[in-house]
Each structure stands twice: as structure tokens, then as C-alpha cells.
>>> print(open('run-v4.cif').read())   # mmCIF, C-alpha atoms and all ligand atoms
data_final
loop_
_atom_site.label_atom_id
_atom_site.label_comp_id
_atom_site.auth_asym_id
_atom_site.auth_seq_id
_atom_site.Cartn_x
_atom_site.Cartn_y
_atom_site.Cartn_z
CA MET A 1 -23.08 7.33 12.23
CA ASP A 2 -21.87 4.81 9.66
CA ASP A 3 -19.49 1.89 9.65
CA ALA A 4 -16.77 3.58 7.65
CA ALA A 5 -13.48 4.25 9.39
CA LEU A 6 -12.44 6.50 6.55
CA SER A 7 -13.97 7.86 3.44
CA LEU A 8 -12.58 9.92 0.57
CA THR A 9 -15.05 11.26 -1.99
CA SER A 10 -13.77 12.71 -5.29
CA VAL A 11 -10.68 14.07 -3.56
CA THR A 12 -8.30 16.13 -5.64
CA LYS A 13 -4.98 17.65 -4.58
CA SER A 14 -2.50 19.40 -6.86
CA PHE A 15 0.94 20.88 -6.33
CA GLY A 16 1.31 23.49 -9.06
CA SER A 17 0.73 21.62 -12.31
CA VAL A 18 1.14 18.18 -10.68
CA ARG A 19 -2.16 16.52 -9.84
CA ALA A 20 -1.01 14.28 -6.99
CA VAL A 21 -4.52 13.03 -6.14
CA ASP A 22 -7.03 13.04 -8.96
CA GLY A 23 -10.66 12.44 -8.05
CA LEU A 24 -10.03 9.63 -5.58
CA THR A 25 -13.03 7.94 -3.97
CA LEU A 26 -12.41 5.28 -1.35
CA THR A 27 -14.31 3.96 1.66
CA VAL A 28 -12.71 1.70 4.25
CA PRO A 29 -15.03 -0.04 6.72
CA ARG A 30 -13.97 -0.42 10.32
CA GLY A 31 -11.72 -3.37 11.07
CA GLN A 32 -10.29 -3.74 7.57
CA THR A 33 -6.57 -3.86 6.78
CA VAL A 34 -5.93 -2.06 3.51
CA ALA A 35 -2.71 -1.81 1.51
CA LEU A 36 -2.19 1.24 -0.65
CA LEU A 37 -0.01 0.33 -3.60
CA GLY A 38 1.32 2.49 -6.38
CA PRO A 39 4.56 3.30 -8.16
CA ASN A 40 6.79 6.18 -7.04
CA GLY A 41 4.92 9.46 -7.24
CA ALA A 42 1.51 7.75 -7.54
CA GLY A 43 0.07 9.92 -4.78
CA LYS A 44 0.12 7.55 -1.80
CA SER A 45 1.77 9.94 0.68
CA THR A 46 -0.37 12.83 -0.49
CA THR A 47 -3.52 10.72 -0.08
CA ILE A 48 -2.43 9.81 3.44
CA ALA A 49 -1.65 13.45 4.30
CA VAL A 50 -5.06 14.54 3.03
CA LEU A 51 -6.94 11.87 4.91
CA LEU A 52 -5.14 12.72 8.14
CA GLY A 53 -6.14 16.36 7.71
CA LEU A 54 -2.48 17.43 7.32
CA LEU A 55 -3.13 18.80 3.82
CA PRO A 56 -6.44 20.34 2.76
CA PRO A 57 -7.85 18.81 -0.44
CA ASP A 58 -8.46 21.19 -3.35
CA SER A 59 -11.86 19.59 -3.77
CA GLY A 60 -13.79 16.59 -2.51
CA GLU A 61 -14.56 15.38 0.96
CA VAL A 62 -12.65 13.42 3.60
CA THR A 63 -14.21 11.92 6.70
CA LEU A 64 -12.81 9.76 9.47
CA PHE A 65 -15.43 7.92 11.53
CA GLY A 66 -18.12 10.04 9.92
CA GLY A 67 -16.62 13.43 10.82
CA PRO A 68 -13.80 15.75 9.80
CA PRO A 69 -10.28 14.27 10.18
CA GLU A 70 -9.26 16.93 12.71
CA HIS A 71 -12.10 15.82 14.97
CA ALA A 72 -11.07 12.14 14.95
CA VAL A 73 -7.43 13.15 15.48
CA ARG A 74 -8.36 15.36 18.43
CA LEU A 75 -10.29 12.48 19.99
CA GLY A 76 -7.20 10.28 19.74
CA ARG A 77 -8.88 7.87 17.35
CA VAL A 78 -6.10 8.08 14.76
CA GLY A 79 -2.46 7.04 14.98
CA ALA A 80 -0.13 7.75 12.08
CA MET A 81 3.36 6.84 11.10
CA PRO A 82 4.99 9.16 8.57
CA GLN A 83 7.60 7.95 6.11
CA VAL A 84 10.32 10.14 7.60
CA GLY A 85 10.73 12.70 10.36
CA GLY A 86 8.38 13.01 13.29
CA LEU A 87 11.08 12.40 15.89
CA ILE A 88 12.28 15.14 18.23
CA SER A 89 16.05 14.84 18.72
CA ARG A 90 17.97 15.08 22.03
CA VAL A 91 15.35 13.20 24.02
CA THR A 92 15.29 9.52 24.84
CA VAL A 93 12.85 7.07 23.31
CA ARG A 94 11.07 6.80 26.65
CA GLU A 95 10.77 10.60 27.00
CA LEU A 96 9.49 10.96 23.47
CA LEU A 97 6.84 8.25 23.86
CA THR A 98 5.75 9.59 27.26
CA PHE A 99 5.30 12.99 25.63
CA VAL A 100 3.25 11.57 22.75
CA ALA A 101 1.16 9.44 25.13
CA GLY A 102 0.25 12.63 27.00
CA ALA A 103 -1.61 13.86 23.92
CA TYR A 104 -4.08 10.94 24.02
CA PRO A 105 -6.99 10.41 26.40
CA ARG A 106 -6.39 6.67 26.95
CA PRO A 107 -2.82 5.75 26.00
CA LEU A 108 -1.48 2.23 26.25
CA PRO A 109 1.06 1.48 29.00
CA LEU A 110 4.57 2.45 27.89
CA ASP A 111 6.06 -0.99 28.56
CA HIS A 112 3.39 -2.61 26.42
CA VAL A 113 4.13 -0.31 23.49
CA LEU A 114 7.90 -0.73 23.86
CA ALA A 115 7.40 -4.50 23.66
CA LEU A 116 4.95 -4.26 20.75
CA ALA A 117 7.40 -2.15 18.74
CA ARG A 118 10.34 -4.27 19.97
CA ILE A 119 12.25 -1.30 21.29
CA THR A 120 12.34 -2.13 25.02
CA GLU A 121 16.14 -2.27 24.96
CA LEU A 122 16.27 1.11 23.24
CA ARG A 123 14.10 2.98 25.72
CA ASP A 124 16.96 5.03 27.21
CA ARG A 125 18.69 5.66 23.88
CA ARG A 126 18.62 9.18 22.50
CA VAL A 127 16.36 9.44 19.50
CA ASP A 128 19.03 11.07 17.33
CA ARG A 129 21.35 8.08 17.93
CA LEU A 130 18.99 5.51 16.43
CA SER A 131 19.61 3.63 13.22
CA GLY A 132 17.11 3.98 10.37
CA GLY A 133 15.33 0.75 11.27
CA GLN A 134 15.25 1.59 14.99
CA ALA A 135 13.82 5.05 14.27
CA GLN A 136 11.19 3.38 12.13
CA ARG A 137 10.14 1.20 15.06
CA VAL A 138 9.95 4.24 17.34
CA ARG A 139 7.70 5.97 14.79
CA PHE A 140 5.51 2.90 14.83
CA ALA A 141 5.34 3.07 18.65
CA MET A 142 4.26 6.72 18.35
CA ALA A 143 1.48 5.68 15.98
CA VAL A 144 0.00 3.08 18.30
CA ILE A 145 0.63 4.44 21.81
CA GLY A 146 -2.68 6.29 21.87
CA ASP A 147 -4.55 3.01 21.27
CA PRO A 148 -6.18 4.50 18.16
CA ASP A 149 -9.04 2.91 16.24
CA LEU A 150 -7.43 3.80 12.90
CA ILE A 151 -3.71 3.26 12.24
CA VAL A 152 -2.23 4.85 9.12
CA LEU A 153 1.29 3.82 8.15
CA ASP A 154 3.26 5.29 5.26
CA GLU A 155 5.75 2.65 4.11
CA PRO A 156 6.15 1.26 7.63
CA THR A 157 8.75 -1.37 6.79
CA ALA A 158 10.87 0.58 4.32
CA ALA A 159 13.97 0.66 6.57
CA LEU A 160 13.50 -2.72 8.25
CA ASP A 161 15.52 -5.83 7.56
CA ALA A 162 13.74 -9.10 6.75
CA GLY A 163 13.56 -10.32 10.36
CA ALA A 164 12.34 -6.99 11.70
CA ARG A 165 9.75 -6.86 8.94
CA ARG A 166 8.38 -10.26 9.89
CA ARG A 167 8.17 -9.25 13.58
CA PHE A 168 6.53 -5.99 12.61
CA TRP A 169 3.75 -7.81 10.74
CA HIS A 170 3.28 -10.18 13.61
CA GLY A 171 2.53 -7.16 15.84
CA MET A 172 0.24 -5.68 13.20
CA ARG A 173 -1.76 -8.88 13.05
CA ASP A 174 -2.47 -8.57 16.78
CA LEU A 175 -3.76 -5.05 16.22
CA ALA A 176 -5.91 -6.16 13.31
CA ASP A 177 -7.28 -9.00 15.45
CA GLN A 178 -8.30 -6.41 18.04
CA GLY A 179 -10.51 -4.82 15.38
CA LYS A 180 -8.29 -1.86 14.49
CA THR A 181 -8.59 -0.39 11.03
CA ILE A 182 -5.21 -0.29 9.33
CA LEU A 183 -4.19 1.52 6.17
CA PHE A 184 -0.60 1.12 5.04
CA SER A 185 1.31 2.08 1.94
CA THR A 186 4.07 -0.17 0.72
CA HIS A 187 6.32 -1.00 -2.20
CA TYR A 188 6.60 -4.61 -1.03
CA LEU A 189 3.94 -6.41 -3.01
CA GLU A 190 4.31 -9.59 -0.98
CA GLU A 191 3.41 -7.60 2.17
CA ALA A 192 0.22 -6.40 0.57
CA ASP A 193 -0.48 -9.91 -0.69
CA GLU A 194 0.07 -11.47 2.70
CA HIS A 195 -1.15 -8.92 5.23
CA ALA A 196 -3.94 -6.88 3.67
CA ASP A 197 -7.62 -7.84 3.45
CA ARG A 198 -7.87 -5.47 0.55
CA ILE A 199 -5.47 -3.84 -1.89
CA VAL A 200 -6.03 -0.42 -3.40
CA VAL A 201 -3.78 0.40 -6.35
CA ILE A 202 -3.37 4.02 -7.32
CA ASP A 203 -1.47 5.50 -10.22
CA ARG A 204 -1.15 9.18 -11.06
CA GLY A 205 -3.50 10.01 -8.24
CA ARG A 206 -6.27 7.78 -9.58
CA LEU A 207 -7.64 4.51 -8.33
CA VAL A 208 -6.80 1.81 -10.85
CA ALA A 209 -7.77 -1.32 -8.88
CA ASP A 210 -9.48 -2.16 -5.62
CA GLY A 211 -10.07 -5.66 -4.29
CA THR A 212 -8.56 -8.66 -2.58
CA SER A 213 -5.19 -9.85 -3.77
CA ALA A 214 -6.90 -12.66 -5.73
CA GLU A 215 -9.33 -10.21 -7.33
CA ILE A 216 -6.55 -7.86 -8.36
CA LYS A 217 -4.59 -10.69 -9.93
CA ARG A 218 -7.72 -11.76 -11.79
CA MET A 219 -8.52 -8.20 -12.81
CA ALA A 220 -5.11 -7.61 -14.33
CA ALA A 221 -5.11 -11.26 -15.39
CA LEU A 222 -1.79 -11.35 -17.08
CA THR A 223 -1.43 -15.07 -17.17
CA THR A 224 1.63 -16.11 -19.12
CA VAL A 225 1.17 -18.74 -21.80
CA ARG A 226 4.50 -20.06 -23.09
CA VAL A 227 4.78 -21.93 -26.35
CA THR A 228 7.51 -23.14 -28.65
CA ALA A 229 7.25 -21.51 -32.05
CA ARG A 230 9.69 -20.70 -34.82
CA GLY A 231 9.80 -18.25 -37.67
CA ASP A 232 7.48 -15.31 -37.81
CA VAL A 233 5.62 -15.29 -34.48
CA ALA A 234 3.93 -11.89 -34.80
CA TRP A 235 0.58 -13.63 -35.49
CA LEU A 236 0.63 -14.99 -31.92
CA GLY A 237 0.15 -11.42 -30.72
CA THR A 238 -3.21 -11.28 -32.48
CA LEU A 239 -4.67 -14.34 -30.71
CA PRO A 240 -7.65 -13.82 -28.39
CA GLY A 241 -6.66 -12.44 -24.97
CA VAL A 242 -3.03 -11.72 -25.86
CA ARG A 243 -1.98 -8.26 -24.69
CA HIS A 244 1.69 -8.52 -25.60
CA LEU A 245 4.36 -11.08 -26.27
CA GLU A 246 8.05 -11.61 -25.63
CA VAL A 247 10.31 -13.85 -27.67
CA GLN A 248 13.06 -15.75 -25.85
CA GLY A 249 14.86 -18.00 -28.35
CA ASP A 250 12.22 -20.38 -29.69
CA ARG A 251 9.97 -19.82 -26.65
CA VAL A 252 7.30 -17.19 -27.00
CA HIS A 253 5.75 -15.75 -23.84
CA LEU A 254 2.20 -14.58 -24.43
CA HIS A 255 0.78 -12.35 -21.69
CA SER A 256 -2.92 -13.00 -21.82
CA SER A 257 -6.01 -11.56 -20.18
CA ASP A 258 -7.99 -14.64 -21.25
CA PRO A 259 -5.65 -17.65 -21.08
CA ASP A 260 -8.41 -20.18 -21.87
CA ALA A 261 -9.21 -18.45 -25.15
CA THR A 262 -5.51 -18.07 -25.94
CA VAL A 263 -4.82 -21.77 -25.36
CA VAL A 264 -7.84 -22.87 -27.42
CA ALA A 265 -6.74 -20.62 -30.29
CA LEU A 266 -3.20 -22.01 -30.06
CA ALA A 267 -4.54 -25.56 -30.17
CA GLN A 268 -6.72 -24.75 -33.18
CA ALA A 269 -3.76 -23.19 -34.98
CA GLY A 270 -1.88 -26.43 -34.37
CA ALA A 271 1.47 -24.87 -35.11
CA VAL A 272 2.82 -24.65 -31.61
CA ARG A 273 4.30 -27.05 -29.06
CA ASP A 274 4.97 -27.34 -25.34
CA ILE A 275 2.25 -25.07 -24.05
CA GLU A 276 2.88 -23.99 -20.46
CA VAL A 277 0.53 -21.75 -18.46
CA THR A 278 1.69 -19.71 -15.42
CA PRO A 279 -0.93 -17.77 -13.45
CA ALA A 280 -0.31 -14.07 -12.82
CA ASP A 281 1.20 -13.03 -9.52
CA LEU A 282 0.54 -9.73 -7.80
CA GLU A 283 3.67 -8.17 -9.24
CA ASP A 284 2.54 -8.97 -12.79
CA ALA A 285 -0.85 -7.49 -12.00
CA PHE A 286 0.66 -4.38 -10.44
CA ILE A 287 2.94 -3.76 -13.41
CA ALA A 288 0.09 -4.28 -15.86
CA LEU A 289 -2.23 -1.98 -13.96
CA THR A 290 0.21 0.85 -13.45
CA ALA A 291 1.92 0.65 -16.84
CA LYS A 292 -1.30 0.45 -18.83
CA GLU A 293 -1.63 4.10 -19.77
CA THR A 294 1.91 4.52 -21.01
CA VAL A 295 1.82 1.71 -23.60
N1 LIG A 301 4.93 19.24 -1.41
C1 LIG A 301 4.96 18.95 -2.70
N2 LIG A 301 5.25 19.89 -3.62
C2 LIG A 301 5.26 19.60 -4.94
N3 LIG A 301 4.99 18.39 -5.46
C3 LIG A 301 4.70 17.41 -4.60
C4 LIG A 301 4.67 17.64 -3.17
N4 LIG A 301 4.35 16.47 -2.59
C5 LIG A 301 4.17 15.57 -3.56
N5 LIG A 301 4.38 16.13 -4.77
C6 LIG A 301 4.25 15.46 -6.09
O1 LIG A 301 2.99 14.81 -6.11
C7 LIG A 301 3.09 13.52 -6.72
C8 LIG A 301 2.63 12.45 -5.74
O2 LIG A 301 3.62 12.35 -4.70
P1 LIG A 301 3.45 11.39 -3.45
O3 LIG A 301 4.60 11.65 -2.54
O4 LIG A 301 2.09 11.52 -2.89
O5 LIG A 301 3.59 9.95 -4.14
P2 LIG A 301 3.90 8.53 -3.48
O6 LIG A 301 2.98 7.58 -4.17
O7 LIG A 301 3.82 8.60 -2.01
O8 LIG A 301 5.38 8.26 -3.96
P3 LIG A 301 6.58 7.37 -3.31
O9 LIG A 301 6.18 5.94 -3.51
O10 LIG A 301 7.75 7.74 -4.16
O11 LIG A 301 6.73 7.77 -1.87
C9 LIG A 301 4.53 13.39 -7.19
O12 LIG A 301 4.60 13.79 -8.53
C10 LIG A 301 5.28 14.36 -6.29
O13 LIG A 301 6.43 14.84 -6.94
#
>>> encode(input="run-v4.cif", output="C-alpha cells", more="lines below")
Ligand SMILES: Nc1ncnc2c1ncn2[C@@H]1O[C@H](COP(=O)(O)OP(=O)(O)OP(=O)(O)O)[C@@H](O)[C@H]1O
Amino acid sequence: MDDAALSLTSVTKSFGSVRAVDGLTLTVPRGQTVALLGPNGAGKSTTIAVLLGLLPPDSGEVTLFGGPPEHAVRLGRVGAMPQVGGLISRVTVRELLTFVAGAYPRPLPLDHVLALARITELRDRRVDRLSGGQAQRVRFAMAVIGDPDLIVLDEPTAALDAGARRRFWHGMRDLADQGKTILFSTHYLEEADEHADRIVVIDRGRLVADGTSAEIKRMAALTTVRVTARGDVAWLGTLPGVRHLEVQGDRVHLHSSDPDATVVALAQAGAVRDIEVTPADLEDAFIALTAKETV
């Protein structure tokens, strides 16, 4: 019907007085890899549960491939990896994956999925004897064994060490290259920076930024301008573009949304030395975006 793999329109979901998702609208075209970023409690897991049809929204509309989520799930077009749980104990990895594969119309061969998730050597291990990182890889295998068009991963690398994380993203790149749509939540900003085509930042259930990594950095635009200044430096905080400042000895760090204007104003003031400009990174942008309403 349309090219969207998933679409949320004005979705709201509350738990008692907590509004976990607050009027969220988001469309992801097919083939895109999207990172969902947000601080703890921002509403990422709830958003994922709503879009998978696991939780009904209080209001708003959710569609996957143009239809209700349940429909896409029933057709085997969606694979999901929850943050925790999802593993039946007392069975082996092979038994579990064979069981899950049976729920899909066209599952991938077991050996292929074991290799993709790098759990071939664990195939005869009981699921309740796995380490946290191994269980995480088995959950990933469960998400992809049905060869779904849309893969939704809630903090997929949370329990993985650095090497396992790198291998995980290598496998994900193959899936993205095959045209799969991927939505993942993460707290690792460098993963979003490196592996997502698009980053969606949510805070308190609301969308606060949506764009490429470069766009988000520009949007939050907290370039740091450092200068040497002595005495009363409060006036520096009133210069064009300056959002806030930190004083470290005789160095003043000006966090600016318009570094050009800040630097020109500094030059005109003529009372400062050793100007140094450092572009914002994604972490700066993330902190600025998600801290904005509390300052
Ligand atoms: N089942 C529930 N009952 C009550 N409150 C809930 C429930 N699930 C989530 N919440 C609340 O909704 C808000 C959003 O939670 P959610 O788990 O979606 O955030 P998150 O962005 O995934 O957080 P984290 O990064 O910590 O995993 C939080 O305030 C949380 O306490």
C-alpha cells in the first residue's frame, strides 16, 4: 500500500499517572536502519511494545507495512528481540530455535542463523545455562530466524562485550544490506552514530529530534568555544549563541548554538585569548536535547 515499514501516528500510552509515550508520530520507510535513543524511562521499550502490538495504545494509530501490527506479526514479517526474557528454560538452543522457526512460514536454515548469531558452538547448550551475553545472542537468533522484513531490537548489545558487539553489528550490516528494516534502541551513542541511517531521540515519551547523526549534532549544535579570560566572566554567558558556560581555572567553556556568532562577538570584545572551537559530538547533542526541559 505504501512504502512505510512502520508508522506511529499521535500514539499515547500511560501507566497510571505516567505518560510513557506522549503523542509520538514516526514513520520509518522500508530498508532504513533507525536508532531509538533516549535516557532511562524515556519510553523506548513502551514504544517498541506498542508498535509490535504487545501493548494497545491509549490513543493514536500504529501500522506495520500498512496494516495492524498483529497482521504483520502473523505473516511472519516482524522479528523482535526483547530486552530480557523470551527464553524458555530446560530446552537446548537448537530446540528453542527449531520451535520458534516453526511459527514462521519461511524460516531461515538453522545452521545459517546459528552462524549469524555466532552461537553454533552453543547449539546443544541448555538455554538456562547461558551467560547474559550468550542469551542475548540467542534472543537475536530468535528475532531473525523467521527471515522477517522488519527487525525490532530493544537494547540488543546491552550484555555484550566489545568484541561481541562489533561482531553483532557486522551481522546487522548484512541484514541491512539485504534491505531489511531495522529499528533498535540503545544507550550506546556511538552505535547509533555508526550503524543507524537515522536517529530518533525521545524523551518523556515525546520525539525531541529526528535525523541523521550529523543533523542531530547540528540541531543540538552545542559546539564548545574555549577562551582564556580572567575576572568576572559572567558577561560571556550573554554573548550571541551561548547557552551556558563552565569555568575551569582561567579557561571558560562556552557551549554555543551559533559558534560563528560567538567567536565574532568574542573577537569584537577583544578581551579574550586562545580561542579554541570543538564541534559537538552526538553525546553533547543527546545531553542537550534530553536535558533541555529540566534547565
Ligand atoms: N508496566 C509498567 N507499569 C508502570 N509503569 C511503567 C510500565 N512500563 C513502563 N513504565 C514507565 O513508563 C516510562 C517509560 O518506560 P520505558 O521502559 O518505556 O522507558 P525506556 O526508555 O525503555 O527506559 P530504559 O532505557 O530504562 O529501558 C517509565 O517511567 C517507566 O517507569
>>> closest_residue(input="run-v4.cif", among="A:Gly179, A:Gly241, A:Gly211, A:Gly205", to="A:Gln32", atoms="all atoms listed in the file")
A:Gly179
>>> closest_residue(input="run-v4.cif", among="A:Leu6, A:Val201, A:Ile145, A:Leu130", to="ligand LIG 301 (chain A)", atoms="only C-alpha atoms and all ligand atoms")
A:Val201
>>> atom_distance(input="run-v4.cif", atom1="atom CA of A:Asp281", atom2="atom CA of A:Leu36")
17.1 Å
>>> closest_atom_pairs(input="run-v4.cif", of="chain A", to="ligand LIG 301 (chain A)", cutoff="12 Å", atoms="only C-alpha atoms and all ligand atoms", output="JSON lines")
{"residue": "A:Thr12", "atom": "CA", "partner": "A:LIG301", "partner_atom": "O1", "distance": 11.4}
{"residue": "A:Lys13", "atom": "CA", "partner": "A:LIG301", "partner_atom": "O1", "distance": 8.6}
{"residue": "A:Ser14", "atom": "CA", "partner": "A:LIG301", "partner_atom": "O1", "distance": 7.2}
{"residue": "A:Phe15", "atom": "CA", "partner": "A:LIG301", "partner_atom": "C2", "distance": 4.7}
{"residue": "A:Gly16", "atom": "CA", "partner": "A:LIG301", "partner_atom": "C2", "distance": 6.9}
{"residue": "A:Ser17", "atom": "CA", "partner": "A:LIG301", "partner_atom": "N3", "distance": 8.7}
{"residue": "A:Val18", "atom": "CA", "partner": "A:LIG301", "partner_atom": "O1", "distance": 6.0}
{"residue": "A:Arg19", "atom": "CA", "partner": "A:LIG301", "partner_atom": "O1", "distance": 6.6}
{"residue": "A:Ala20", "atom": "CA", "partner": "A:LIG301", "partner_atom": "O1", "distance": 4.1}
{"residue": "A:Val21", "atom": "CA", "partner": "A:LIG301", "partner_atom": "C8", "distance": 7.2}
{"residue": "A:Asp22", "atom": "CA", "partner": "A:LIG301", "partner_atom": "C8", "distance": 10.2}
{"residue": "A:Leu36", "atom": "CA", "partner": "A:LIG301", "partner_atom": "O6", "distance": 8.9}
{"residue": "A:Leu37", "atom": "CA", "partner": "A:LIG301", "partner_atom": "O6", "distance": 7.9}
{"residue": "A:Gly38", "atom": "CA", "partner": "A:LIG301", "partner_atom": "O6", "distance": 5.8}
{"residue": "A:Pro39", "atom": "CA", "partner": "A:LIG301", "partner_atom": "O9", "distance": 5.6}
{"residue": "A:Asn40", "atom": "CA", "partner": "A:LIG301", "partner_atom": "O10", "distance": 3.4}
{"residue": "A:Gly41", "atom": "CA", "partner": "A:LIG301", "partner_atom": "O5", "distance": 3.4}
{"residue": "A:Ala42", "atom": "CA", "partner": "A:LIG301", "partner_atom": "O6", "distance": 3.7}
{"residue": "A:Gly43", "atom": "CA", "partner": "A:LIG301", "partner_atom": "O4", "distance": 3.2}
{"residue": "A:Lys44", "atom": "CA", "partner": "A:LIG301", "partner_atom": "O6", "distance": 3.7}
{"residue": "A:Ser45", "atom": "CA", "partner": "A:LIG301", "partner_atom": "O7", "distance": 3.6}
{"residue": "A:Thr46", "atom": "CA", "partner": "A:LIG301", "partner_atom": "O4", "distance": 3.7}
{"residue": "A:Thr47", "atom": "CA", "partner": "A:LIG301", "partner_atom": "O4", "distance": 6.3}
{"residue": "A:Ile48", "atom": "CA", "partner": "A:LIG301", "partner_atom": "O4", "distance": 8.0}
{"residue": "A:Ala49", "atom": "CA", "partner": "A:LIG301", "partner_atom": "O4", "distance": 8.3}
{"residue": "A:Val50", "atom": "CA", "partner": "A:LIG301", "partner_atom": "O4", "distance": 9.8}
{"residue": "A:Leu51", "atom": "CA", "partner": "A:LIG301", "partner_atom": "O4", "distance": 11.9}
{"residue": "A:Leu54", "atom": "CA", "partner": "A:LIG301", "partner_atom": "N1", "distance": 11.6}
{"residue": "A:Leu55", "atom": "CA", "partner": "A:LIG301", "partner_atom": "N1", "distance": 9.6}
{"residue": "A:Pro82", "atom": "CA", "partner": "A:LIG301", "partner_atom": "O7", "distance": 10.7}
{"residue": "A:Gln83", "atom": "CA", "partner": "A:LIG301", "partner_atom": "O11", "distance": 8.0}
{"residue": "A:Val84", "atom": "CA", "partner": "A:LIG301", "partner_atom": "O11", "distance": 10.4}
{"residue": "A:Leu153", "atom": "CA", "partner": "A:LIG301", "partner_atom": "O7", "distance": 11.5}
{"residue": "A:Asp154", "atom": "CA", "partner": "A:LIG301", "partner_atom": "O7", "distance": 8.0}
{"residue": "A:Glu155", "atom": "CA", "partner": "A:LIG301", "partner_atom": "O11", "distance": 7.9}
{"residue": "A:Pro156", "atom": "CA", "partner": "A:LIG301", "partner_atom": "O11", "distance": 11.5}
{"residue": "A:Ala158", "atom": "CA", "partner": "A:LIG301", "partner_atom": "O11", "distance": 10.4}
{"residue": "A:Phe184", "atom": "CA", "partner": "A:LIG301", "partner_atom": "O7", "distance": 11.2}
{"residue": "A:Ser185", "atom": "CA", "partner": "A:LIG301", "partner_atom": "O7", "distance": 8.0}
{"residue": "A:Thr186", "atom": "CA", "partner": "A:LIG301", "partner_atom": "O9", "distance": 7.7}
{"residue": "A:His187", "atom": "CA", "partner": "A:LIG301", "partner_atom": "O9", "distance": 7.1}
{"residue": "A:Tyr188", "atom": "CA", "partner": "A:LIG301", "partner_atom": "O9", "distance": 10.8}
{"residue": "A:Val201", "atom": "CA", "partner": "A:LIG301", "partner_atom": "O6", "distance": 10.1}
{"residue": "A:Ile202", "atom": "CA", "partner": "A:LIG301", "partner_atom": "O6", "distance": 7.9}
{"residue": "A:Asp203", "atom": "CA", "partner": "A:LIG301", "partner_atom": "O6", "distance": 7.8}
{"residue": "A:Arg204", "atom": "CA", "partner": "A:LIG301", "partner_atom": "C8", "distance": 7.3}
{"residue": "A:Gly205", "atom": "CA", "partner": "A:LIG301", "partner_atom": "C8", "distance": 7.1}
{"residue": "A:Arg206", "atom": "CA", "partner": "A:LIG301", "partner_atom": "O6", "distance": 10.7}
{"residue": "A:Leu207", "atom": "CA", "partner": "A:LIG301", "partner_atom": "O6", "distance": 11.8}
{"residue": "A:Thr290", "atom": "CA", "partner": "A:LIG301", "partner_atom": "O6", "distance": 11.8}
>>> closest_residue(input="run-v4.cif", among="A:Val242, A:Val233, A:Ile182, A:Val91", to="A:Ala35", atoms="all atoms listed in the file")
A:Ile182
>>> closest_residue(input="run-v4.cif", among="A:Ser10, A:Thr278, A:Thr238, A:Thr262", to="A:Thr224", atoms="all atoms listed in the file")
A:Thr278
>>> closest_residue(input="run-v4.cif", among="A:Lys180, A:Lys217, A:His112, A:Arg167", to="A:Arg77", atoms="only C-alpha atoms")
A:Lys180
>>> atom_distance(input="run-v4.cif", atom1="atom CA of A:Ala267", atom2="atom CA of A:Met219")
24.9 Å
>>> closest_residue(input="run-v4.cif", among="A:Val208, A:Arg137, A:Pro68, A:Arg165", to="A:Glu191", atoms="all atoms listed in the file")
A:Arg165
>>> atom_distance(input="run-v4.cif", atom1="atom CA of A:Arg30", atom2="atom CA of A:Ala162")
29.3 Å
>>> residues_around(input="run-v4.cif", residues="A:Ala176", least_positions_apart="5", cutoff="12 Å", atoms="only C-alpha atoms", output="PyMOL selection string")
chain A and resi 30-34+148-151+169-171+181-183+195-197
>>> write_last_selection(input="run-v4.cif", atoms="C-alpha atoms", output="PDB file, in the frame of the given file")
ATOM      1  CA  ARG A  30     -13.970  -0.420  10.320  1.00  0.00           C
ATOM      2  CA  GLY A  31     -11.720  -3.370  11.070  1.00  0.00           C
ATOM      3  CA  GLN A  32     -10.290  -3.740   7.570  1.00  0.00           C
ATOM      4  CA  THR A  33      -6.570  -3.860   6.780  1.00  0.00           C
ATOM      5  CA  VAL A  34      -5.930  -2.060   3.510  1.00  0.00           C
ATOM      6  CA  PRO A 148      -6.180   4.500  18.160  1.00  0.00           C
ATOM      7  CA  ASP A 149      -9.040   2.910  16.240  1.00  0.00           C
ATOM      8  CA  LEU A 150      -7.430   3.800  12.900  1.00  0.00           C
ATOM      9  CA  ILE A 151      -3.710   3.260  12.240  1.00  0.00           C
ATOM     10  CA  TRP A 169       3.750  -7.810  10.740  1.00  0.00           C
ATOM     11  CA  HIS A 170       3.280 -10.180  13.610  1.00  0.00           C
ATOM     12  CA  GLY A 171       2.530  -7.160  15.840  1.00  0.00           C
ATOM     13  CA  THR A 181      -8.590  -0.390  11.030  1.00  0.00           C
ATOM     14  CA  ILE A 182      -5.210  -0.290   9.330  1.00  0.00           C
ATOM     15  CA  LEU A 183      -4.190   1.520   6.170  1.00  0.00           C
ATOM     16  CA  HIS A 195      -1.150  -8.920   5.230  1.00  0.00           C
ATOM     17  CA  ALA A 196      -3.940  -6.880   3.670  1.00  0.00           C
ATOM     18  CA  ASP A 197      -7.620  -7.840   3.450  1.00  0.00           C
TER      19      ASP A 197
END
>>> axis_aligned_box(input="run-v4.cif", around="stretch 62-72 of chain A", padding_each_side="5 Å", output="AutoDock Vina command-line options")
--center_x -13.7 --center_y 12.4 --center_z 9.3 --size_x 18.9 --size_y 19.0 --size_z 21.4
